[in-house]
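Participant: Have a look at this one before I ask anything.
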There are 2 protein chains.
Amino acid sequence: MRNTVAKQEIEQLITTSEVALSPSEVETQLDGLCNRVTVYRVLERLEKEGIIHKFTNVNGVLKYASCHNCSTQNKHHHNHAHFNCVKCGDVTCLENVEPSFNLPKGYKVAEVNFTLSGVCPKCK
Amino acid sequence: MRNTVAKQEIEQLITTSEVALSPSEVETQLDGLCNRVTVYRVLERLEKEGIIHKFTNVNGVLKYASCHNCSTQNKHHHNHAHFNCVKCGDVTCLENVEPSFNLPKGYKVAEVNFTLSGVCPKCK
DNA sequence: CTATTAATGCAACATAGTTGCGTTTATAAA
DNA sequence: TTTATAAACGCAACTATGTTGCATTAATAG
């Protein structure tokens, strides 16, 4: 992947952000640095490279966040929980929260999307 | 809520369906019985009445499914898992699968969205 | 410095969901 | 049974989100 200006800026934005960002939020924060389509494409590529991960919030909105732990492990996985605050709207990774569950036989799980909504500590 | 034709048909569709349905899937199956906007509005009302529940699949697509267990309990809750098969595309309720997890202090959970993707027993 | 091709911008399109408003119709009351 | 009322509906228009094709630009290897 080429080291373009758009890639640098978007990667920095996501990795330094406290909260997960949607493509349109990224676009807004870039303030015209690049085209809307480029935002989608760069985010897609960053995710393929394993630099960031994606998931959907409780409303079905696509969100991206950076990985902090996964790079140190053998296998990348993003099965941790995400929290969607209904007051401030922030979506954050709860990297240490992994759900446990018992599936019926016959199901083969590839991905886990575990998003909680409610009130975060800041808004409490 | 008035007992309209659209309400009857959509309620029956959702409750008899083996899989969760999106608004557009409902619209297709109704085959012109009512307007697209009506589908959204009826689904919304059915959900408010607690007859059906909604959630988003792994791709962020809104899905509706009927409640089988919750009406017999004191409190309605839809914290069970949903399974999204990547082969057939079906999204089904796993009504008996509830995730357990340990949240950090300060978070107050209102809703749980727990969607697994992978291969279902039929497609295995 | 040059060639290659990844990356971008633009325009156009597709899908999903929402809103306002005039009309229809289920339901309760006369 | 008829009538009044407001819920429910249809239509049109709009916003947001995401995608695709293609010509142009620019990062990088040689």
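Just remember, in the structure tokens the first chain shown is A, the second B, etc., residues are 1-based per chain, and ligands are 1-based in the order shown.
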With a distance cut-off of 12 Å and only C-alpha atoms (C1' of nucleotides), select the neighbouring residues of DA14 of chain C, excluding the residue or stretch itself and same-chain residues fewer than 3 positions from it, and output the selection as a PyMOL selection string.
Facilitator: chain D and resi 17-20
Participant: Counting only C-alpha atoms (C1' of nucleotides), a student should be able to say which residues of chain B come within 9 Å of chain D; what is the right answer, written as an MDAnalysis selection string?
Facilitator: chainID B and resid 1:2 4 34:35 37:38
Participant: Output N, CA and C atoms for every residue in that selection, as a compact mmCIF listing (two decimals), in the first residue's frame.
Facilitator:
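Result file selection_14.txt:
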```
# COMPACT_ATOMS: atom_id res chain seq x y z
N MET B 1 -53.37 0.10 18.24
CA MET B 1 -53.00 -0.02 16.82
C MET B 1 -54.14 -0.65 16.02
N ARG B 2 -54.47 0.03 14.97
CA ARG B 2 -55.58 -0.46 14.14
C ARG B 2 -55.23 -1.71 13.36
N THR B 4 -55.15 -3.13 10.44
CA THR B 4 -55.22 -2.93 8.99
C THR B 4 -54.70 -4.15 8.25
N CYS B 34 -48.68 -3.04 -0.15
CA CYS B 34 -48.68 -1.69 0.38
C CYS B 34 -47.40 -0.96 0.02
N ASN B 35 -47.39 0.31 0.33
CA ASN B 35 -46.27 1.17 0.01
C ASN B 35 -45.04 0.84 0.86
N VAL B 37 -43.08 2.91 2.35
CA VAL B 37 -43.07 3.69 3.59
C VAL B 37 -43.93 3.00 4.66
N THR B 38 -45.02 2.43 4.22
CA THR B 38 -45.92 1.73 5.15
C THR B 38 -45.21 0.56 5.81
```
Participant: Do you have the atom CA of Leu62 of chain B-atom CA of Val26 of chain B distance handy?
Facilitator: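 Answer for the atom CA of Leu62 of chain B to atom CA of Val26 of chain B separation: 11.6 Å.
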Participant: If you take only C-alpha atoms (C1' of nucleotides) and a cut-off of 12 Å, which residues of chain C touch chain B, and what are their nearest atom pairs and distances in Å to one decimal, in chain and number order, as a tab-separated table?
Facilitator:
```
residue	atom	partner	partner_atom	distance
C:DT15	C1'	B:Ser24	CA	9.8
C:DA16	C1'	B:Ser24	CA	8.8
C:DG17	C1'	B:Tyr40	CA	8.5
C:DT18	C1'	B:Val37	CA	9.0
C:DT19	C1'	B:Val37	CA	10.6
C:DT24	C1'	B:Thr4	CA	11.9
C:DT25	C1'	B:Thr4	CA	8.9
C:DA26	C1'	B:Arg2	CA	6.3
C:DT27	C1'	B:Arg2	CA	8.0
```
Participant: I'd like the interatomic distance between atom CA of Val109 of chain B and atom CA of Ser117 of chain A, to a tenth of an Å.
Facilitator: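 Going from atom CA of Val109 of chain B over to atom CA of Ser117 of chain A covers 5.8 Å.
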Participant: Please find the residues of chain A near chain B - the criterion being any atom within 9 Å, counting only C-alpha atoms - and write them as a VMD selection string.
Facilitator: chain A and resid 55 to 62 83 94 96 to 122 124
Participant: Which one is closest to Glu95 of chain B: B:His53, B:Lys7, B:Arg36, B:His68? Count only C-alpha atoms.
Facilitator: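 Between B:His53, B:Lys7, B:Arg36, B:His68, the residue approaching Glu95 of chain B most closely is B:His68.
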Participant: Mind giving me the straight-line distance from atom CA of Ala6 of chain A to atom CA of Glu44 of chain A in Å, one decimal?
Facilitator: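 So the answer is 12.7 Å.
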Participant: From a backbone DSSP assignment, name each residue in segment 31-85 of chain A labelled strand (DSSP E or B), as a CSV table (one decimal) with N, CA and C atoms, in the first residue's frame.
Facilitator:
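Written output follows (out20.csv):
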```csv
chain,number,residue,atom,x,y,z
A,52,ILE,N,-6.5,-1.2,11.3
A,52,ILE,CA,-7.8,-0.9,12.0
A,52,ILE,C,-8.8,-2.0,11.8
A,53,HIS,N,-9.9,-1.9,12.6
A,53,HIS,CA,-10.9,-2.9,12.4
A,53,HIS,C,-12.2,-2.3,12.3
A,54,LYS,N,-13.2,-3.0,11.7
A,54,LYS,CA,-14.5,-2.4,11.5
A,54,LYS,C,-15.6,-3.2,12.2
A,55,PHE,N,-16.7,-2.5,12.4
A,55,PHE,CA,-17.8,-3.2,13.0
A,55,PHE,C,-19.0,-2.2,12.8
A,56,THR,N,-20.2,-2.6,13.2
A,56,THR,CA,-21.3,-1.8,13.1
A,56,THR,C,-21.9,-1.4,14.5
A,62,LEU,N,-21.7,1.8,10.1
A,62,LEU,CA,-20.3,1.3,10.0
A,62,LEU,C,-19.3,2.2,10.8
A,63,LYS,N,-18.5,1.5,11.6
A,63,LYS,CA,-17.5,2.3,12.4
A,63,LYS,C,-16.1,1.6,12.3
A,64,TYR,N,-15.1,2.5,12.4
A,64,TYR,CA,-13.7,2.0,12.3
A,64,TYR,C,-13.0,2.4,13.6
A,65,ALA,N,-12.1,1.5,14.1
A,65,ALA,CA,-11.3,1.9,15.2
A,65,ALA,C,-10.0,1.2,15.1
A,66,SER,N,-9.0,1.7,15.8
A,66,SER,CA,-7.6,1.1,15.6
A,66,SER,C,-7.5,-0.1,16.6
A,81,ALA,N,-15.9,-6.4,22.8
A,81,ALA,CA,-17.1,-5.7,22.8
A,81,ALA,C,-16.9,-4.2,22.4
A,82,HIS,N,-18.0,-3.6,21.9
A,82,HIS,CA,-18.0,-2.2,21.7
A,82,HIS,C,-19.2,-1.6,22.4
A,83,PHE,N,-18.9,-0.4,22.9
A,83,PHE,CA,-20.0,0.3,23.7
A,83,PHE,C,-20.5,1.5,23.0
A,84,ASN,N,-21.8,1.6,22.9
A,84,ASN,CA,-22.4,2.7,22.2
A,84,ASN,C,-23.3,3.5,23.2
A,85,CYS,N,-22.7,4.7,23.5
A,85,CYS,CA,-23.4,5.5,24.5
A,85,CYS,C,-24.6,6.2,23.9
```
Participant: When you count only C-alpha atoms, which of these residues is closest to Ile10 of chain B: B:Asp31, B:Glu25, B:Val42, B:Cys67?
Facilitator: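 Ranked by minimum distance to Ile10 of chain B, first place goes to B:Val42.
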Participant: Got a sec to tell me which of chain B DSSP assigns to alpha helix (DSSP H), as a PDB file with N, CA and C atoms, in the first residue's frame?
Facilitator:
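Final output, part01.pdb:
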```
ATOM      1  N   VAL B   5     -54.986  -4.174   6.953  1.00  0.00           N
ATOM      2  CA  VAL B   5     -54.524  -5.288   6.122  1.00  0.00           C
ATOM      3  C   VAL B   5     -53.006  -5.381   6.141  1.00  0.00           C
ATOM      4  N   ALA B   6     -52.361  -4.229   5.985  1.00  0.00           N
ATOM      5  CA  ALA B   6     -50.892  -4.206   5.968  1.00  0.00           C
ATOM      6  C   ALA B   6     -50.325  -4.762   7.267  1.00  0.00           C
ATOM      7  N   LYS B   7     -50.926  -4.358   8.388  1.00  0.00           N
ATOM      8  CA  LYS B   7     -50.450  -4.840   9.684  1.00  0.00           C
ATOM      9  C   LYS B   7     -50.594  -6.353   9.786  1.00  0.00           C
ATOM     10  N   GLN B   8     -51.751  -6.858   9.410  1.00  0.00           N
ATOM     11  CA  GLN B   8     -52.002  -8.302   9.470  1.00  0.00           C
ATOM     12  C   GLN B   8     -50.990  -9.082   8.647  1.00  0.00           C
ATOM     13  N   GLU B   9     -50.815  -8.650   7.420  1.00  0.00           N
ATOM     14  CA  GLU B   9     -49.926  -9.366   6.504  1.00  0.00           C
ATOM     15  C   GLU B   9     -48.482  -9.340   6.971  1.00  0.00           C
ATOM     16  N   ILE B  10     -48.023  -8.148   7.401  1.00  0.00           N
ATOM     17  CA  ILE B  10     -46.626  -8.015   7.808  1.00  0.00           C
ATOM     18  C   ILE B  10     -46.365  -8.786   9.094  1.00  0.00           C
ATOM     19  N   GLU B  11     -47.318  -8.718  10.010  1.00  0.00           N
ATOM     20  CA  GLU B  11     -47.158  -9.471  11.256  1.00  0.00           C
ATOM     21  C   GLU B  11     -47.068 -10.967  10.974  1.00  0.00           C
ATOM     22  N   GLN B  12     -47.933 -11.445  10.102  1.00  0.00           N
ATOM     23  CA  GLN B  12     -47.920 -12.864   9.772  1.00  0.00           C
ATOM     24  C   GLN B  12     -46.620 -13.263   9.090  1.00  0.00           C
ATOM     25  N   LEU B  13     -46.184 -12.407   8.187  1.00  0.00           N
ATOM     26  CA  LEU B  13     -44.944 -12.658   7.476  1.00  0.00           C
ATOM     27  C   LEU B  13     -43.772 -12.860   8.434  1.00  0.00           C
ATOM     28  N   ILE B  14     -43.648 -11.922   9.368  1.00  0.00           N
ATOM     29  CA  ILE B  14     -42.521 -11.971  10.300  1.00  0.00           C
ATOM     30  C   ILE B  14     -42.649 -13.162  11.244  1.00  0.00           C
ATOM     31  N   THR B  15     -43.850 -13.374  11.758  1.00  0.00           N
ATOM     32  CA  THR B  15     -43.997 -14.433  12.770  1.00  0.00           C
ATOM     33  C   THR B  15     -43.884 -15.837  12.173  1.00  0.00           C
ATOM     34  N   THR B  16     -44.225 -15.999  10.920  1.00  0.00           N
ATOM     35  CA  THR B  16     -44.131 -17.335  10.331  1.00  0.00           C
ATOM     36  C   THR B  16     -42.783 -17.568   9.645  1.00  0.00           C
ATOM     37  N   PRO B  23     -36.672  -4.643   6.062  1.00  0.00           N
ATOM     38  CA  PRO B  23     -37.820  -3.944   5.481  1.00  0.00           C
ATOM     39  C   PRO B  23     -37.970  -4.205   3.980  1.00  0.00           C
ATOM     40  N   SER B  24     -36.872  -4.196   3.252  1.00  0.00           N
ATOM     41  CA  SER B  24     -36.985  -4.402   1.799  1.00  0.00           C
ATOM     42  C   SER B  24     -37.378  -5.840   1.457  1.00  0.00           C
ATOM     43  N   GLU B  25     -36.942  -6.784   2.289  1.00  0.00           N
ATOM     44  CA  GLU B  25     -37.356  -8.172   2.062  1.00  0.00           C
ATOM     45  C   GLU B  25     -38.852  -8.336   2.324  1.00  0.00           C
ATOM     46  N   VAL B  26     -39.332  -7.651   3.364  1.00  0.00           N
ATOM     47  CA  VAL B  26     -40.762  -7.666   3.655  1.00  0.00           C
ATOM     48  C   VAL B  26     -41.532  -7.074   2.481  1.00  0.00           C
ATOM     49  N   GLU B  27     -41.036  -5.963   2.000  1.00  0.00           N
ATOM     50  CA  GLU B  27     -41.685  -5.286   0.873  1.00  0.00           C
ATOM     51  C   GLU B  27     -41.785  -6.207  -0.343  1.00  0.00           C
ATOM     52  N   THR B  28     -40.689  -6.895  -0.638  1.00  0.00           N
ATOM     53  CA  THR B  28     -40.672  -7.805  -1.792  1.00  0.00           C
ATOM     54  C   THR B  28     -41.699  -8.920  -1.625  1.00  0.00           C
ATOM     55  N   GLN B  29     -41.739  -9.492  -0.432  1.00  0.00           N
ATOM     56  CA  GLN B  29     -42.638 -10.616  -0.205  1.00  0.00           C
ATOM     57  C   GLN B  29     -44.106 -10.193  -0.212  1.00  0.00           C
ATOM     58  N   LEU B  30     -44.347  -8.944   0.125  1.00  0.00           N
ATOM     59  CA  LEU B  30     -45.735  -8.460   0.105  1.00  0.00           C
ATOM     60  C   LEU B  30     -46.196  -8.215  -1.326  1.00  0.00           C
ATOM     61  N   ARG B  36     -43.878   1.178   0.303  1.00  0.00           N
ATOM     62  CA  ARG B  36     -42.607   0.982   0.978  1.00  0.00           C
ATOM     63  C   ARG B  36     -42.572   1.690   2.329  1.00  0.00           C
ATOM     64  N   VAL B  37     -43.082   2.911   2.351  1.00  0.00           N
ATOM     65  CA  VAL B  37     -43.074   3.690   3.592  1.00  0.00           C
ATOM     66  C   VAL B  37     -43.928   3.001   4.656  1.00  0.00           C
ATOM     67  N   THR B  38     -45.023   2.430   4.225  1.00  0.00           N
ATOM     68  CA  THR B  38     -45.916   1.734   5.149  1.00  0.00           C
ATOM     69  C   THR B  38     -45.210   0.556   5.806  1.00  0.00           C
ATOM     70  N   VAL B  39     -44.395  -0.140   5.047  1.00  0.00           N
ATOM     71  CA  VAL B  39     -43.632  -1.258   5.608  1.00  0.00           C
ATOM     72  C   VAL B  39     -42.787  -0.781   6.777  1.00  0.00           C
ATOM     73  N   TYR B  40     -42.054   0.303   6.570  1.00  0.00           N
ATOM     74  CA  TYR B  40     -41.227   0.861   7.652  1.00  0.00           C
ATOM     75  C   TYR B  40     -42.080   1.209   8.860  1.00  0.00           C
ATOM     76  N   ARG B  41     -43.201   1.864   8.618  1.00  0.00           N
ATOM     77  CA  ARG B  41     -44.026   2.345   9.720  1.00  0.00           C
ATOM     78  C   ARG B  41     -44.693   1.202  10.473  1.00  0.00           C
ATOM     79  N   VAL B  42     -45.161   0.195   9.755  1.00  0.00           N
ATOM     80  CA  VAL B  42     -45.805  -0.939  10.417  1.00  0.00           C
ATOM     81  C   VAL B  42     -44.783  -1.718  11.248  1.00  0.00           C
ATOM     82  N   LEU B  43     -43.610  -1.949  10.677  1.00  0.00           N
ATOM     83  CA  LEU B  43     -42.567  -2.672  11.418  1.00  0.00           C
ATOM     84  C   LEU B  43     -42.206  -1.943  12.701  1.00  0.00           C
ATOM     85  N   GLU B  44     -42.113  -0.636  12.587  1.00  0.00           N
ATOM     86  CA  GLU B  44     -41.799   0.192  13.741  1.00  0.00           C
ATOM     87  C   GLU B  44     -42.863   0.036  14.837  1.00  0.00           C
ATOM     88  N   ARG B  45     -44.117   0.051  14.418  1.00  0.00           N
ATOM     89  CA  ARG B  45     -45.205  -0.063  15.395  1.00  0.00           C
ATOM     90  C   ARG B  45     -45.270  -1.449  16.010  1.00  0.00           C
ATOM     91  N   LEU B  46     -45.075  -2.480  15.178  1.00  0.00           N
ATOM     92  CA  LEU B  46     -45.080  -3.848  15.698  1.00  0.00           C
ATOM     93  C   LEU B  46     -43.979  -4.021  16.737  1.00  0.00           C
ATOM     94  N   GLU B  47     -42.867  -3.347  16.497  1.00  0.00           N
ATOM     95  CA  GLU B  47     -41.760  -3.448  17.437  1.00  0.00           C
ATOM     96  C   GLU B  47     -42.095  -2.745  18.753  1.00  0.00           C
ATOM     97  N   LYS B  48     -42.718  -1.584  18.642  1.00  0.00           N
ATOM     98  CA  LYS B  48     -43.117  -0.840  19.843  1.00  0.00           C
ATOM     99  C   LYS B  48     -44.100  -1.638  20.684  1.00  0.00           C
TER     100      LYS B  48
END
```
